[in-house]
Amino acid sequence: MALLLPTADVSSSRPLVAFRLGSFPKLWGLFNRNCNLRHCSKRFVSITNVVYAEDVMVSGTAKSARRREQIELERDSITVLNERIRRFHVKRESSKTAMDAVEADRYIQMVKEQQQRGLQKLKGNRKKKESDGYDYKVDPYTLRSGDYVVHKKVGIGRFVGIKFDVQKGSTEPTEYVFIEYADGMAKLSVKQASRMLYRYSLPNENKRPRTLSKLNDTTTWEKRKTKGKIAIQKMVVDLMELYLHRLKQRRPPYPKCSAMEEFAAQFSYTPTVDQKEAFRDVEKDLTERETPMDRLICGDVGFGKTEVALRAIFYVVSAGKQAMVLAPTIVLAKQHFEVITQRFSSFPDVQIGLLSRFQTKSEKDKHLEMIKEGQLNIVVGTHSLLGDRVVYSNLGLLVVDEEQRFGVKQKEKIASFKTSIDVLTLSATPIPRTLYLALTGFRDASLITTPPPERVPIKTHLSAFSKEKVKSAIKYELERGGQVFYVFPRIKGLEEVKDFLEASFPDIEIGLAHGKQYSKQLEETMENFSLGAIKILICTNIVESGLDIQNANTIIVQDVQQFGLAQLYQLRGRVGRADKEAHAYLFYPDKALLSDQALERLAALEECRELGQGFQLAERDMGIRGFGTIFGEQQSGDVGNVGIDLFFEMLFDSLSKVDEHRVVSVPYQSVKIDIDINPHLPSEYINYLENPMKIINGAEKAAETDIWALMQFTENLRRHHGKEPYSMEILLKKLYVRRMAADLGIYRIYASGKTVCMETKMNKKVFKLISESMVSEVHRNCLTFEEHQIKAGLLLELPREQLLNWIFECLVELHASLPALIKY
Ligand SMILES: Nc1ncnc2c1ncn2[C@@H]1O[C@H](COP(=O)(O)OP(=O)(O)OP(=O)(O)O)[C@@H](O)[C@H]1O
């Protein structure tokens, strides 16, 4: 018996109608007899939202669990597919227009050539130095007993040791590497081990993996590896597509301006080799390319990235366009404003403005008006510059300092600029050189790894905290006329530090800076410190990045174990920015209280005392701490499957084969499905649909557009008319099959006895790639590839509808790999 409850809120996501029924085709027939569906059809919900009447009687968790179970059961294969399309295709498809294959070919070729050069350099490096390059395998002799390792073919094991053993039939003892697995011990020759073993380290790792792989059953490991591989492919393809997409944008190149020489001559220093190269890169981007620049200037702390940005600004402003400089904090914005003002001082026509939340409303309004009217050529500020109130007259360039410090929404806004104007991003988060070279071709970046001349390495002193040591360090710095940063990890406790320092240095001006202060007060303190009025600045890590105070050459960090490695590296980089020798004192409370991980981190920092070792440090830091800064949190999770070292090797491999991940779709109309199915819709449904032809034509049109449109179509159909009867479902599935086939480059599907043949433009490599990642073994195991055909051998000859269902399921599986492929 059907139970129909009245509905109240059509927009609500809660179930509007409760049924207790078997199959749905019967349901709407029943309704059709019992009520006027034409009037109430809008009040039905799709079958996924149906609640069974008897559930209403059951209470508590059992009730919701059963409901969920029931709902799961009701999710038919189209719903499951639609949900997946929504999850995976939304971002990619909606933001992109199709690219002409010939044009794309040209770009891909260009990218590949650039990338080849990068990889070539990597190989070159390797020859010079065996440990460098993209070989991430581990030297077994460097392993310690208990270390986790990954064997490419077997998976995660625990290194036990290297011992001599005599092989059968030999009298000579040979060295073997012993590795413990869940079900036994593996014995590898040292040579073999050096070819197959990687360290198993993870980003953000503090808990070691407990589960070892099995020697005798490698399926779980194979699955993990495939998952990792697919994730990497997706990442590479995303990078590639983003790049291709950007290459499609156009703007006229900026004219080369003669005044640049004058501007360059006013730089107080001789640029370093890397700076010069970065200037050239930026100049080429702006004056020779027709696509907007999206370049990352990646340089170690204090190595002079700002000047690169200044030159880019000069080009743009000289051409009559505006430039916006975005800094993560007001303190840094102010510093940039001052540097820019000073650097442009002999170009009085260039007007520079700082937009700050400390300004009064009328000051701010005046600035906004000037930006809008084009009276300000360079605008400096924090994220407030991204707000809708800021309207530019003729914006040409965006300079972003430390993009990773902006929030998600702000990053999205920054990304939206990248397709229309030139963007230069400055980052002091070093990326490993190997990674940089491998990424060449996918991401325009310039590395600044050479320090300005006369820079002296910062002397790093790591020890247990002692008031005496603190006092003598400060005394030394003050006596040579310098200033001191005193960094403490918590706001609570700063006052105590202040009391101690005031007592020790009664005649010295001491300032306090932290993020919870009133902005005005913070700004004043920073100003006084940079002017030299304040000699000791007690602060939290608010000074972490970008701050450039040349006279401050001692930094003291108390409770150093509380900071991350990259953070400490940044903090240390606040000093030693001139030619004076600088000191960094890192104090921990008591060695016994430090975790192994903290000790390892600090030792790494102490080791990397030479200038420019941030890049080296980044490589290690990724093993210990954050990987997400470069690739995002999602990828950070993917690394977990295989460990960083194997992940990197797979990444480099994938980068070098990017054009093999290419799928060429075929036009929807050219796809032939030679399976004779023309389902007849029941008359009740036809009556119920009001205008069935319009609906069927709409479905066909949606399928022709793309999978996203087809998904929206079926969702709408079900929202308005409930779940369709079986024959309509078959009709829809046929459309899905044709659409998915077109996307996969399959232009004909037919059956011959127990074999399903799919003629395709896909190449064998792509087939291998996507079939490997199929979740369903049933489908995967029966597929083969022969001369432009994907063949499926079925166990028995299926009736037509079942056959269509089978093909539908199989294509759904193949289609799931599309995000890891480049389409054009
Ligand atoms: N070639 C050079 N020779 C000597 N000093 C230089 C050179 N280039 C820049 N500098 C100076 O070095 C200091 C640091 O430069 P800058 O602020 O550009 O570094 P940065 O790379 O932006 O550092 P951070 O990542 O900390 O922001 C500045 O005072 C700058 O004037």
# chains A, B, ... in the order shown; residues from 1 in each chain; ligands from 1

call {"tool": "residues_near_ligand", "arguments": {"ligand": "ligand 1", "cutoff": "9 Å", "atoms": "only C-alpha atoms and all ligand atoms", "output": "PyMOL selection string"}}
result
chain A and resi 267-273+275+297-309+332+336+339+401-402+426-429+448+451-455+544-550+570+573-574+577-579

call {"tool": "select_by_dssp", "arguments": {"residues": "segment 477-574 of chain A", "states": "strand (DSSP E or B)", "output": "PyMOL selection string"}}
result
chain A and resi 483-487+510-513+536-539+552-558

call {"tool": "residues_around", "arguments": {"residues": "segment 711-716 of chain A", "least_positions_apart": "5", "cutoff": "12 Å", "atoms": "only C-alpha atoms", "output": "mmCIF file with C-alpha atoms, in the first residue's frame"}}
result
data_model
loop_
_atom_site.group_PDB
_atom_site.id
_atom_site.type_symbol
_atom_site.label_atom_id
_atom_site.label_comp_id
_atom_site.auth_asym_id
_atom_site.auth_seq_id
_atom_site.Cartn_x
_atom_site.Cartn_y
_atom_site.Cartn_z
ATOM 1 C CA LYS A 42 6.671 19.156 -8.548
ATOM 2 C CA PHE A 44 7.878 14.713 -5.522
ATOM 3 C CA VAL A 45 11.440 14.181 -4.732
ATOM 4 C CA SER A 46 13.868 11.916 -6.436
ATOM 5 C CA ILE A 47 14.071 8.366 -5.246
ATOM 6 C CA THR A 48 17.299 9.090 -3.413
ATOM 7 C CA ILE A 78 23.186 6.586 -12.928
ATOM 8 C CA THR A 79 22.955 8.348 -9.564
ATOM 9 C CA VAL A 80 26.311 6.959 -8.534
ATOM 10 C CA LEU A 81 27.859 8.130 -11.797
ATOM 11 C CA ASN A 82 26.239 11.557 -11.517
ATOM 12 C CA GLU A 83 27.583 12.011 -8.032
ATOM 13 C CA ARG A 84 31.057 11.177 -9.213
ATOM 14 C CA ILE A 85 30.823 13.567 -12.137
ATOM 15 C CA ARG A 86 29.772 16.279 -9.737
ATOM 16 C CA ARG A 87 32.701 15.523 -7.480
ATOM 17 C CA HIS A 89 34.453 17.220 -13.078
ATOM 18 C CA VAL A 90 32.975 20.325 -11.605
ATOM 19 C CA ILE A 695 12.216 15.675 -22.713
ATOM 20 C CA ILE A 696 13.791 13.037 -24.933
ATOM 21 C CA ASN A 697 15.167 15.662 -27.286
ATOM 22 C CA GLY A 698 16.474 17.582 -24.293
ATOM 23 C CA ALA A 699 18.282 14.459 -23.092
ATOM 24 C CA GLU A 700 19.855 13.917 -26.501
ATOM 25 C CA LYS A 701 20.954 17.536 -26.658
ATOM 26 C CA ALA A 702 22.443 17.403 -23.167
ATOM 27 C CA ALA A 703 24.350 14.244 -24.052
ATOM 28 C CA GLU A 704 25.698 15.941 -27.128
ATOM 29 C CA THR A 705 26.904 18.913 -25.075
ATOM 30 C CA ASP A 706 28.955 17.064 -22.442
ATOM 31 C CA HIS A 721 9.336 13.654 -12.239
ATOM 32 C CA GLY A 722 10.783 11.150 -9.823
ATOM 33 C CA LYS A 723 12.832 8.150 -10.790
ATOM 34 C CA GLU A 724 12.105 7.070 -14.362
ATOM 35 C CA MET A 728 13.558 5.240 -19.666
ATOM 36 C CA GLU A 729 16.588 4.348 -17.577
ATOM 37 C CA LEU A 731 17.260 5.012 -22.847
ATOM 38 C CA LEU A 732 19.266 7.356 -20.629
ATOM 39 C CA LYS A 733 22.013 4.796 -20.207
ATOM 40 C CA LEU A 735 22.941 8.287 -24.059
ATOM 41 C CA TYR A 736 25.486 8.039 -21.245
ATOM 42 C CA ARG A 739 28.698 10.371 -24.322
ATOM 43 C CA MET A 740 31.319 8.480 -22.335
#

call {"tool": "closest_residue", "arguments": {"among": "A:Thr360, A:Ser752, A:Ser446, A:Thr554", "to": "Arg480 of chain A", "atoms": "only C-alpha atoms"}}
result
A:Thr554

call {"tool": "closest_residue", "arguments": {"among": "A:Ala533, A:Val663, A:Val390, A:Ala582", "to": "Tyr476 of chain A", "atoms": "only C-alpha atoms"}}
result
A:Ala582

call {"tool": "select_by_dssp", "arguments": {"residues": "segment 624-739 of chain A", "states": "alpha helix (DSSP H)", "output": "MDAnalysis selection string"}}
result
chainID A and resid 624 628:631 633:642 644:656 683:688 692:705 707:721 726:739

call {"tool": "residues_around", "arguments": {"residues": "Phe785 of chain A", "least_positions_apart": "2", "cutoff": "12 Å", "atoms": "only C-alpha atoms", "output": "list in words"}}
result
Val756, Cys757, Met758, Glu759, Thr760, Lys761, Met762, Asn763, Lys764, Lys765, Val766, Phe767, Lys768, Leu769, Ile770, Ser771, Arg780, Asn781, Cys782, Leu783, Glu787, His788, Gln789, Ile790, Lys791, Ala792 and Gly793 of chain A

call {"tool": "atom_distance", "arguments": {"atom1": "atom CA of Tyr176 of chain A", "atom2": "atom CA of Phe164 of chain A"}}
result
6.1 Å

call {"tool": "atom_distance", "arguments": {"atom1": "atom CA of Gln562 of chain A", "atom2": "atom CA of Tyr588 of chain A"}}
result
9.0 Å

call {"tool": "closest_residue", "arguments": {"among": "A:Pro292, A:Lys467, A:Leu646, A:Gln192", "to": "Val149 of chain A", "atoms": "only C-alpha atoms"}}
result
A:Leu646

call {"tool": "atom_distance", "arguments": {"atom1": "atom CA of Val138 of chain A", "atom2": "atom CA of Phe648 of chain A"}}
result
12.9 Å

call {"tool": "residues_around", "arguments": {"residues": "Lys223 of chain A", "least_positions_apart": "5", "cutoff": "12 Å", "atoms": "only C-alpha atoms", "output": "list of chain:residue names"}}
result
A:Lys153, A:Val154, A:Gly155, A:Ser213, A:Asp217, A:Thr218, A:Gly228, A:Lys229, A:Ile230, A:Asn641, A:Val642, A:Glu772, A:Ser773, A:Met774, A:Val775, A:Ser776, A:Glu777

call {"tool": "closest_residue", "arguments": {"among": "A:Ser727, A:Phe529, A:Ser420, A:Asp183", "to": "Tyr685 of chain A", "atoms": "only C-alpha atoms"}}
result
A:Ser727

call {"tool": "residues_around", "arguments": {"residues": "segment 667-682 of chain A", "least_positions_apart": "2", "cutoff": "8 Å", "atoms": "only C-alpha atoms", "output": "PyMOL selection string"}}
result
chain A and resi 665+684-686+703-704+725+727-728+730-731+738-739+741-742+746-751+800-801+804

call {"tool": "closest_residue", "arguments": {"among": "A:Val560, A:Met235, A:Leu571, A:Val778", "to": "Phe587 of chain A", "atoms": "only C-alpha atoms"}}
result
A:Val560
